[in-house]
Amino acid sequence: MVYTVITGASSGIGYEAALAFASRGKNLIIVARRKDNLEKLKSEILHINPNLDVVIRTTDLSVTENAYKLYESLRGFQIETWINNAGFGNFATVAEQNLNKIEAMLHLNIESLTILTSLYVRDYANVEGTQLINVSSGGGYTIIANSITYCATKFYVSAFTEGLAHELKLKGAKMQVKVLAPAATETEFAQRSLDIDEFQYEGAVAKFHTSKQMAGFMLDLYDSNKVVGKVDGITYEFELVDPIFNFAVRTTK
Ligand code: NAP
């Protein structure tokens, strides 16, 4: 039996992605802090397809030690696809940003993602059919005002993941490595970024996708041979493209 791991599956893009992969008959390991939401997702999945196995892991991945513990706890499972989707943003100027929140964001968006990616690649790079998808952002390719630090975390995700895709291709590895870069998507993202209890996208945001649409785009990326699946920030079209950053191979004389 093989599994798809999705971090940040308790709401938004991760929740819908879990349903989308379940619709493809994939067994799931769903990860987040909110157990109730994961239980609800599990029963929704089992309602759609009672033959699937859905495993819940509750953990706080802003504590990087927990990334190692999560990976260790999954040693008994054969993992076909790993999706690092958990992440959050912050809308504030650099001078005004809450550094406790920023530290947690750096731990989650950068460190835990790097640890989980590295461990997964170490074990599975040469296993046929495996994939790693890291969720970046349009803000991982364009710096957006008032979200500088968040964008910098996502530039890291884009650069790290594109670089890894190159590295594995050069080695002839079997694993495919991909970056999903959503633009505005209707989830809990905005309310968390603004530290408010509710946010209505309709009326406040000119263009956005629903998390269900974004999960569909993730499946398109999963099915393609391209490395980057990115929403165009102007047209809001979803594009599957080759790596965007320059890549150089060091040559020694
Ligand atoms: P969301 O609804 O807020 O979902 C975020 C997910 O991450 C939740 O399941 C949350 O679960 C999990 N998470 C947050 N902190 C965590 C922690 N400390 N430990 C473990 N899990 C944690 O927002 P979303 O939009 O779906 O976000 C998914 C990804 O898309 C993020 O990486 C985000 O940066 C990216 N993205 C979003 C947008 C957008 O406009 N929505 C645009 C570009 C990129 P718990 O709170 O239960 O732990």
# chains A, B, ... in the order shown; residues from 1 in each chain; ligands from 1

call {"tool": "select_by_dssp", "arguments": {"residues": "segment 34-252 of chain A", "states": "alpha helix (DSSP H)", "output": "JSON, numbers by chain"}}
result
{"A": [35, 36, 37, 38, 39, 40, 41, 42, 43, 44, 45, 46, 47, 48, 64, 65, 66, 67, 68, 69, 70, 71, 72, 73, 99, 100, 101, 102, 103, 104, 105, 113, 114, 115, 116, 117, 118, 119, 120, 121, 122, 123, 124, 148, 149, 150, 151, 152, 153, 154, 155, 156, 157, 158, 159, 160, 161, 162, 163, 164, 165, 166, 167, 168, 169, 170, 171, 189, 190, 191, 192, 193, 194, 211, 212, 213, 214, 215, 216, 217, 218, 219, 220, 221, 222, 223]}

call {"tool": "write_last_selection", "arguments": {"atoms": "C-alpha atoms", "output": "PDB file, in the first residue's frame"}}
result
ATOM      1  CA  LYS A  35      -7.146  17.325  15.049  1.00  0.00           C
ATOM      2  CA  ASP A  36     -10.898  18.039  14.708  1.00  0.00           C
ATOM      3  CA  ASN A  37     -10.450  19.356  11.182  1.00  0.00           C
ATOM      4  CA  LEU A  38      -8.329  16.355  10.214  1.00  0.00           C
ATOM      5  CA  GLU A  39     -10.969  13.986  11.667  1.00  0.00           C
ATOM      6  CA  LYS A  40     -13.645  15.779   9.624  1.00  0.00           C
ATOM      7  CA  LEU A  41     -11.510  15.474   6.493  1.00  0.00           C
ATOM      8  CA  LYS A  42     -10.895  11.802   7.175  1.00  0.00           C
ATOM      9  CA  SER A  43     -14.612  11.055   7.481  1.00  0.00           C
ATOM     10  CA  GLU A  44     -15.344  13.060   4.316  1.00  0.00           C
ATOM     11  CA  ILE A  45     -12.730  11.016   2.433  1.00  0.00           C
ATOM     12  CA  LEU A  46     -14.003   7.704   3.801  1.00  0.00           C
ATOM     13  CA  HIS A  47     -17.548   8.708   2.879  1.00  0.00           C
ATOM     14  CA  ILE A  48     -16.390   9.176  -0.735  1.00  0.00           C
ATOM     15  CA  THR A  64      11.504  22.029  13.683  1.00  0.00           C
ATOM     16  CA  GLU A  65      12.269  19.058  15.933  1.00  0.00           C
ATOM     17  CA  ASN A  66       8.709  17.938  15.162  1.00  0.00           C
ATOM     18  CA  ALA A  67       9.571  17.662  11.471  1.00  0.00           C
ATOM     19  CA  TYR A  68      12.118  14.950  12.337  1.00  0.00           C
ATOM     20  CA  LYS A  69       9.611  13.265  14.693  1.00  0.00           C
ATOM     21  CA  LEU A  70       6.881  13.314  12.042  1.00  0.00           C
ATOM     22  CA  TYR A  71       9.166  11.738   9.459  1.00  0.00           C
ATOM     23  CA  GLU A  72      10.330   9.078  11.929  1.00  0.00           C
ATOM     24  CA  SER A  73       6.722   8.259  12.819  1.00  0.00           C
ATOM     25  CA  LEU A  99       9.072  38.796  15.429  1.00  0.00           C
ATOM     26  CA  ASN A 100       7.596  35.882  17.384  1.00  0.00           C
ATOM     27  CA  LYS A 101       5.235  35.231  14.489  1.00  0.00           C
ATOM     28  CA  ILE A 102       8.037  35.754  11.963  1.00  0.00           C
ATOM     29  CA  GLU A 103      10.291  33.247  13.728  1.00  0.00           C
ATOM     30  CA  ALA A 104       7.505  30.648  13.645  1.00  0.00           C
ATOM     31  CA  MET A 105       6.973  31.416   9.937  1.00  0.00           C
ATOM     32  CA  LEU A 113      10.006  22.113   4.651  1.00  0.00           C
ATOM     33  CA  THR A 114      13.748  21.664   4.115  1.00  0.00           C
ATOM     34  CA  ILE A 115      14.031  18.896   6.706  1.00  0.00           C
ATOM     35  CA  LEU A 116      11.034  16.955   5.390  1.00  0.00           C
ATOM     36  CA  THR A 117      12.143  17.394   1.776  1.00  0.00           C
ATOM     37  CA  SER A 118      15.687  16.238   2.524  1.00  0.00           C
ATOM     38  CA  LEU A 119      14.589  13.163   4.461  1.00  0.00           C
ATOM     39  CA  TYR A 120      12.048  12.167   1.813  1.00  0.00           C
ATOM     40  CA  VAL A 121      14.543  12.623  -1.038  1.00  0.00           C
ATOM     41  CA  ARG A 122      17.203  10.694   0.893  1.00  0.00           C
ATOM     42  CA  ASP A 123      14.931   7.662   1.165  1.00  0.00           C
ATOM     43  CA  TYR A 124      12.901   7.802  -2.045  1.00  0.00           C
ATOM     44  CA  ILE A 148       8.436  41.029   2.151  1.00  0.00           C
ATOM     45  CA  THR A 149       9.470  38.449   4.729  1.00  0.00           C
ATOM     46  CA  TYR A 150       6.748  36.002   3.707  1.00  0.00           C
ATOM     47  CA  CYS A 151       7.787  36.399   0.055  1.00  0.00           C
ATOM     48  CA  ALA A 152      11.416  35.805   1.010  1.00  0.00           C
ATOM     49  CA  THR A 153      10.394  32.491   2.629  1.00  0.00           C
ATOM     50  CA  LYS A 154       8.617  31.539  -0.586  1.00  0.00           C
ATOM     51  CA  PHE A 155      11.561  32.624  -2.771  1.00  0.00           C
ATOM     52  CA  TYR A 156      13.475  30.136  -0.639  1.00  0.00           C
ATOM     53  CA  VAL A 157      10.878  27.425  -1.317  1.00  0.00           C
ATOM     54  CA  SER A 158      10.945  28.124  -5.076  1.00  0.00           C
ATOM     55  CA  ALA A 159      14.743  28.268  -5.327  1.00  0.00           C
ATOM     56  CA  PHE A 160      15.298  25.228  -3.105  1.00  0.00           C
ATOM     57  CA  THR A 161      12.716  23.146  -4.947  1.00  0.00           C
ATOM     58  CA  GLU A 162      13.707  24.186  -8.479  1.00  0.00           C
ATOM     59  CA  GLY A 163      17.354  23.527  -7.539  1.00  0.00           C
ATOM     60  CA  LEU A 164      16.470  20.100  -6.182  1.00  0.00           C
ATOM     61  CA  ALA A 165      14.549  19.298  -9.373  1.00  0.00           C
ATOM     62  CA  HIS A 166      17.710  20.141 -11.369  1.00  0.00           C
ATOM     63  CA  GLU A 167      19.895  18.142  -8.983  1.00  0.00           C
ATOM     64  CA  LEU A 168      17.760  15.015  -9.259  1.00  0.00           C
ATOM     65  CA  LYS A 169      17.486  15.310 -13.044  1.00  0.00           C
ATOM     66  CA  LEU A 170      21.280  15.578 -13.330  1.00  0.00           C
ATOM     67  CA  LYS A 171      21.594  12.420 -11.238  1.00  0.00           C
ATOM     68  CA  PHE A 189      -4.436  32.446   4.650  1.00  0.00           C
ATOM     69  CA  ALA A 190      -5.546  36.116   4.650  1.00  0.00           C
ATOM     70  CA  GLN A 191      -7.040  36.040   8.135  1.00  0.00           C
ATOM     71  CA  ARG A 192      -3.881  34.426   9.522  1.00  0.00           C
ATOM     72  CA  SER A 193      -1.675  36.889   7.672  1.00  0.00           C
ATOM     73  CA  LEU A 194      -3.679  39.787   9.116  1.00  0.00           C
ATOM     74  CA  SER A 211      -9.019  26.142  -2.779  1.00  0.00           C
ATOM     75  CA  LYS A 212     -10.884  23.496  -4.786  1.00  0.00           C
ATOM     76  CA  GLN A 213      -9.636  25.099  -8.028  1.00  0.00           C
ATOM     77  CA  MET A 214      -6.122  25.228  -6.596  1.00  0.00           C
ATOM     78  CA  ALA A 215      -6.291  21.537  -5.662  1.00  0.00           C
ATOM     79  CA  GLY A 216      -7.289  20.853  -9.279  1.00  0.00           C
ATOM     80  CA  PHE A 217      -4.222  22.805 -10.442  1.00  0.00           C
ATOM     81  CA  MET A 218      -2.100  20.728  -8.064  1.00  0.00           C
ATOM     82  CA  LEU A 219      -3.386  17.570  -9.753  1.00  0.00           C
ATOM     83  CA  ASP A 220      -2.564  19.104 -13.170  1.00  0.00           C
ATOM     84  CA  LEU A 221       0.982  19.710 -11.918  1.00  0.00           C
ATOM     85  CA  TYR A 222       1.129  16.184 -10.491  1.00  0.00           C
ATOM     86  CA  ASP A 223       0.135  14.770 -13.884  1.00  0.00           C
TER      87      ASP A 223
END

call {"tool": "residues_near_ligand", "arguments": {"ligand": "ligand 1", "cutoff": "7 Å", "atoms": "only C-alpha atoms and all ligand atoms", "output": "tab-separated table (two decimals) with N, CA and C atoms, in the first residue's frame"}}
result
chain	number	residue	atom	x	y	z
A	7	THR	N	1.01	17.96	4.22
A	7	THR	CA	1.08	18.78	5.44
A	7	THR	C	0.15	19.98	5.25
A	8	GLY	N	-0.38	20.47	6.38
A	8	GLY	CA	-1.32	21.59	6.29
A	8	GLY	C	-2.62	21.17	5.64
A	9	ALA	N	-3.11	19.98	6.03
A	9	ALA	CA	-4.33	19.44	5.40
A	9	ALA	C	-5.60	19.82	6.16
A	10	SER	N	-5.48	20.59	7.24
A	10	SER	CA	-6.67	20.85	8.07
A	10	SER	C	-7.54	21.98	7.53
A	11	SER	N	-7.04	22.73	6.54
A	11	SER	CA	-7.88	23.78	5.93
A	11	SER	C	-7.32	24.15	4.56
A	12	GLY	N	-8.10	24.97	3.85
A	12	GLY	CA	-7.61	25.59	2.61
A	12	GLY	C	-7.15	24.62	1.53
A	13	ILE	N	-6.02	24.96	0.93
A	13	ILE	CA	-5.51	24.21	-0.23
A	13	ILE	C	-5.20	22.76	0.16
A	14	GLY	N	-4.61	22.55	1.33
A	14	GLY	CA	-4.23	21.20	1.76
A	14	GLY	C	-5.45	20.30	1.94
A	15	TYR	N	-6.51	20.87	2.50
A	15	TYR	CA	-7.75	20.11	2.74
A	15	TYR	C	-8.33	19.64	1.40
A	31	VAL	N	-1.63	15.87	7.76
A	31	VAL	CA	-0.86	16.44	8.87
A	31	VAL	C	-1.27	17.89	9.12
A	32	ALA	N	-1.42	18.26	10.38
A	32	ALA	CA	-1.65	19.66	10.79
A	32	ALA	C	-1.75	19.65	12.32
A	33	ARG	N	-2.05	20.83	12.90
A	33	ARG	CA	-2.23	20.86	14.36
A	33	ARG	C	-3.68	20.56	14.75
A	34	ARG	N	-4.66	21.00	13.95
A	34	ARG	CA	-6.06	20.88	14.38
A	34	ARG	C	-6.64	19.51	14.08
A	59	THR	N	0.68	17.66	14.59
A	59	THR	CA	1.98	18.15	15.04
A	59	THR	C	2.13	19.63	14.69
A	60	ASP	N	2.94	20.32	15.47
A	60	ASP	CA	3.24	21.73	15.20
A	60	ASP	C	4.58	21.79	14.48
A	61	LEU	N	4.53	22.05	13.20
A	61	LEU	CA	5.77	22.04	12.39
A	61	LEU	C	6.53	23.36	12.45
A	62	SER	N	6.05	24.30	13.28
A	62	SER	CA	6.89	25.49	13.50
A	62	SER	C	7.95	25.18	14.56
A	85	ASN	N	2.80	21.49	2.13
A	85	ASN	CA	1.86	22.59	1.86
A	85	ASN	C	1.71	23.51	3.08
A	86	ALA	N	1.96	23.00	4.30
A	86	ALA	CA	1.76	23.82	5.51
A	86	ALA	C	2.60	25.08	5.41
A	87	GLY	N	1.98	26.20	5.72
A	87	GLY	CA	2.72	27.46	5.68
A	87	GLY	C	1.77	28.58	6.03
A	88	PHE	N	2.33	29.72	6.39
A	88	PHE	CA	1.47	30.89	6.60
A	88	PHE	C	2.22	32.16	6.25
A	89	GLY	N	1.46	33.26	6.14
A	89	GLY	CA	2.04	34.53	5.74
A	89	GLY	C	1.87	35.58	6.81
A	108	LEU	N	8.55	27.17	10.05
A	108	LEU	CA	7.59	26.34	9.31
A	108	LEU	C	7.86	26.39	7.80
A	109	ASN	N	7.84	27.62	7.24
A	109	ASN	CA	7.90	27.75	5.77
A	109	ASN	C	9.25	27.30	5.20
A	135	VAL	N	4.77	23.67	-1.82
A	135	VAL	CA	3.87	24.77	-2.14
A	135	VAL	C	4.58	26.09	-1.84
A	136	SER	N	4.84	26.83	-2.90
A	136	SER	CA	5.43	28.16	-2.79
A	136	SER	C	4.31	29.17	-2.93
A	137	SER	N	4.49	30.17	-3.78
A	137	SER	CA	3.50	31.23	-3.96
A	137	SER	C	3.92	32.06	-5.16
A	138	GLY	N	2.97	32.84	-5.71
A	138	GLY	CA	3.35	33.87	-6.67
A	138	GLY	C	4.39	34.78	-6.00
A	139	GLY	N	4.23	34.95	-4.68
A	139	GLY	CA	5.18	35.71	-3.87
A	139	GLY	C	6.52	35.01	-3.70
A	181	ALA	N	2.87	27.25	-7.26
A	181	ALA	CA	2.90	28.67	-6.86
A	181	ALA	C	1.52	29.31	-7.07
A	182	PRO	N	0.66	29.20	-6.04
A	182	PRO	CA	-0.67	29.81	-6.17
A	182	PRO	C	-0.57	31.33	-6.07
A	183	ALA	N	-1.54	32.04	-6.64
A	183	ALA	CA	-1.75	33.45	-6.29
A	183	ALA	C	-2.90	33.45	-5.28
A	184	ALA	N	-3.56	34.59	-5.08
A	184	ALA	CA	-4.59	34.66	-4.04
A	184	ALA	C	-5.59	33.50	-4.17
A	185	THR	N	-5.78	32.81	-3.07
A	185	THR	CA	-6.68	31.65	-3.03
A	185	THR	C	-7.52	31.78	-1.76
A	186	GLU	N	-8.81	31.51	-1.90
A	186	GLU	CA	-9.73	31.71	-0.77
A	186	GLU	C	-9.54	30.60	0.27
A	187	THR	N	-8.82	30.93	1.33
A	187	THR	CA	-8.51	29.98	2.40
A	187	THR	C	-8.45	30.77	3.71
A	188	GLU	N	-7.87	30.18	4.74
A	188	GLU	CA	-7.68	30.93	5.99
A	188	GLU	C	-6.40	31.78	5.94
A	189	PHE	N	-5.73	31.77	4.78
A	189	PHE	CA	-4.44	32.45	4.65
A	189	PHE	C	-4.50	33.94	5.01
A	190	ALA	N	-5.49	34.66	4.45
A	190	ALA	CA	-5.55	36.12	4.65
A	190	ALA	C	-5.81	36.45	6.11
A	192	ARG	N	-5.09	34.71	8.73
A	192	ARG	CA	-3.88	34.43	9.52
A	192	ARG	C	-2.79	35.46	9.26
A	211	SER	N	-10.01	27.18	-3.10
A	211	SER	CA	-9.02	26.14	-2.78
A	211	SER	C	-9.30	24.86	-3.57

call {"tool": "closest_residue", "arguments": {"among": "A:Ile133, A:Ile144, A:Val179, A:Val54", "to": "Gly233 of chain A", "atoms": "only C-alpha atoms"}}
result
A:Ile144

call {"tool": "atom_distance", "arguments": {"atom1": "atom CA of Glu128 of chain A", "atom2": "atom CA of Asn49 of chain A"}}
result
25.6 Å

call {"tool": "closest_residue", "arguments": {"among": "A:Gln97, A:Asn146, A:Thr81, A:Thr235", "to": "Leu28 of chain A", "atoms": "only C-alpha atoms"}}
result
A:Thr81

call {"tool": "select_by_dssp", "arguments": {"residues": "segment 18-106 of chain A", "states": "strand (DSSP E or B)", "output": "compact mmCIF listing (two decimals) with N, CA, C and O atoms, in the first residue's frame"}}
result
# COMPACT_ATOMS: atom_id res chain seq x y z
N ASN A 27 -4.30 6.64 -0.93
CA ASN A 27 -4.32 6.60 0.54
C ASN A 27 -3.57 7.83 1.05
O ASN A 27 -2.60 8.27 0.43
N LEU A 28 -4.02 8.34 2.18
CA LEU A 28 -3.49 9.63 2.62
C LEU A 28 -2.94 9.63 4.03
O LEU A 28 -3.47 8.94 4.92
N ILE A 29 -1.90 10.42 4.22
CA ILE A 29 -1.42 10.76 5.56
C ILE A 29 -1.59 12.27 5.67
O ILE A 29 -0.95 13.02 4.92
N ILE A 30 -2.51 12.70 6.53
CA ILE A 30 -2.84 14.12 6.60
C ILE A 30 -2.29 14.71 7.90
O ILE A 30 -2.44 14.14 8.98
N VAL A 31 -1.63 15.87 7.76
CA VAL A 31 -0.86 16.44 8.87
C VAL A 31 -1.27 17.89 9.12
O VAL A 31 -1.42 18.66 8.17
N ALA A 32 -1.42 18.26 10.38
CA ALA A 32 -1.65 19.66 10.79
C ALA A 32 -1.75 19.65 12.32
O ALA A 32 -1.55 18.61 12.96
N VAL A 54 -6.73 6.37 5.65
CA VAL A 54 -6.40 7.77 5.95
C VAL A 54 -5.78 7.82 7.35
O VAL A 54 -6.40 7.44 8.33
N VAL A 55 -4.55 8.28 7.39
CA VAL A 55 -3.79 8.32 8.65
C VAL A 55 -3.64 9.78 9.07
O VAL A 55 -3.30 10.64 8.25
N ILE A 56 -3.91 10.05 10.35
CA ILE A 56 -3.82 11.42 10.86
C ILE A 56 -2.56 11.59 11.71
O ILE A 56 -2.24 10.74 12.53
N ARG A 57 -1.87 12.70 11.49
CA ARG A 57 -0.74 13.06 12.35
C ARG A 57 -0.93 14.51 12.79
O ARG A 57 -1.00 15.40 11.95
N THR A 58 -1.05 14.74 14.10
CA THR A 58 -1.16 16.12 14.58
C THR A 58 0.20 16.55 15.12
O THR A 58 0.78 15.88 15.98
N GLN A 78 4.95 3.29 3.03
CA GLN A 78 5.59 3.50 1.72
C GLN A 78 4.98 4.78 1.14
O GLN A 78 3.76 4.84 0.91
N ILE A 79 5.80 5.79 0.97
CA ILE A 79 5.26 7.10 0.58
C ILE A 79 5.53 7.39 -0.90
O ILE A 79 6.68 7.51 -1.33
N GLU A 80 4.44 7.48 -1.65
CA GLU A 80 4.55 7.70 -3.10
C GLU A 80 4.73 9.19 -3.41
O GLU A 80 5.49 9.56 -4.30
N THR A 81 3.99 10.01 -2.67
CA THR A 81 4.01 11.46 -2.92
C THR A 81 4.09 12.20 -1.59
O THR A 81 3.38 11.84 -0.64
N TRP A 82 4.93 13.23 -1.54
CA TRP A 82 5.02 14.06 -0.32
C TRP A 82 4.73 15.49 -0.72
O TRP A 82 5.39 16.05 -1.60
N ILE A 83 3.74 16.09 -0.07
CA ILE A 83 3.36 17.47 -0.40
C ILE A 83 3.56 18.37 0.82
O ILE A 83 2.86 18.24 1.83
N ASN A 84 4.57 19.24 0.75
CA ASN A 84 4.81 20.22 1.81
C ASN A 84 3.97 21.45 1.49
O ASN A 84 4.38 22.31 0.71

call {"tool": "atom_distance", "arguments": {"atom1": "atom CA of Phe245 of chain A", "atom2": "atom CA of Asn225 of chain A"}}
result
17.5 Å

call {"tool": "closest_residue", "arguments": {"among": "A:Thr4, A:Gln176, A:Thr251, A:Ser147", "to": "Asn90 of chain A", "atoms": "only C-alpha atoms"}}
result
A:Ser147

call {"tool": "closest_residue", "arguments": {"among": "A:Val249, A:Ala204, A:Ile234, A:Ile196", "to": "Thr142 of chain A", "atoms": "only C-alpha atoms"}}
result
A:Ile234

call {"tool": "residues_around", "arguments": {"residues": "Phe238 of chain A", "least_positions_apart": "3", "cutoff": "8 Å", "atoms": "only C-alpha atoms", "output": "list in words"}}
result
Phe217, Gly229, Lys230, Val231 and Asp232 of chain A

call {"tool": "atom_distance", "arguments": {"atom1": "atom CA of Lys178 of chain A", "atom2": "atom CA of Asp242 of chain A"}}
result
9.8 Å

call {"tool": "decode", "arguments": {"residues": "segment 83-97 of chain A", "atoms": "N, CA, C and O atoms", "output": "CSV table (one decimal), in the first residue's frame"}}
result
chain,number,residue,atom,x,y,z
A,83,ILE,N,3.7,16.1,-0.1
A,83,ILE,CA,3.4,17.5,-0.4
A,83,ILE,C,3.6,18.4,0.8
A,83,ILE,O,2.9,18.2,1.8
A,84,ASN,N,4.6,19.2,0.8
A,84,ASN,CA,4.8,20.2,1.8
A,84,ASN,C,4.0,21.5,1.5
A,84,ASN,O,4.4,22.3,0.7
A,85,ASN,N,2.8,21.5,2.1
A,85,ASN,CA,1.9,22.6,1.9
A,85,ASN,C,1.7,23.5,3.1
A,85,ASN,O,1.4,24.7,2.9
A,86,ALA,N,2.0,23.0,4.3
A,86,ALA,CA,1.8,23.8,5.5
A,86,ALA,C,2.6,25.1,5.4
A,86,ALA,O,3.8,25.0,5.0
A,87,GLY,N,2.0,26.2,5.7
A,87,GLY,CA,2.7,27.5,5.7
A,87,GLY,C,1.8,28.6,6.0
A,87,GLY,O,0.5,28.4,6.0
A,88,PHE,N,2.3,29.7,6.4
A,88,PHE,CA,1.5,30.9,6.6
A,88,PHE,C,2.2,32.2,6.3
A,88,PHE,O,3.4,32.1,6.1
A,89,GLY,N,1.5,33.3,6.1
A,89,GLY,CA,2.0,34.5,5.7
A,89,GLY,C,1.9,35.6,6.8
A,89,GLY,O,1.3,35.3,7.9
A,90,ASN,N,2.4,36.8,6.5
A,90,ASN,CA,2.2,37.9,7.5
A,90,ASN,C,2.2,39.2,6.6
A,90,ASN,O,3.1,39.4,5.8
A,91,PHE,N,1.2,40.0,6.9
A,91,PHE,CA,1.1,41.3,6.1
A,91,PHE,C,1.5,42.4,7.1
A,91,PHE,O,0.7,42.8,8.0
A,92,ALA,N,2.7,42.9,7.0
A,92,ALA,CA,3.2,44.0,7.8
A,92,ALA,C,4.5,44.5,7.2
A,92,ALA,O,5.2,43.8,6.4
A,93,THR,N,4.9,45.7,7.5
A,93,THR,CA,6.2,46.2,7.1
A,93,THR,C,7.3,45.4,7.9
A,93,THR,O,6.9,44.9,9.0
A,94,VAL,N,8.5,45.4,7.4
A,94,VAL,CA,9.5,44.8,8.2
A,94,VAL,C,9.7,45.4,9.5
A,94,VAL,O,9.9,44.7,10.6
A,95,ALA,N,9.7,46.7,9.6
A,95,ALA,CA,9.9,47.4,10.9
A,95,ALA,C,8.8,47.0,11.9
A,95,ALA,O,9.1,47.0,13.1
A,96,GLU,N,7.6,46.8,11.4
A,96,GLU,CA,6.5,46.6,12.3
A,96,GLU,C,6.1,45.1,12.5
A,96,GLU,O,5.2,44.8,13.3
A,97,GLN,N,6.8,44.2,11.9
A,97,GLN,CA,6.4,42.8,12.0
A,97,GLN,C,6.7,42.2,13.4
A,97,GLN,O,7.6,42.6,14.1
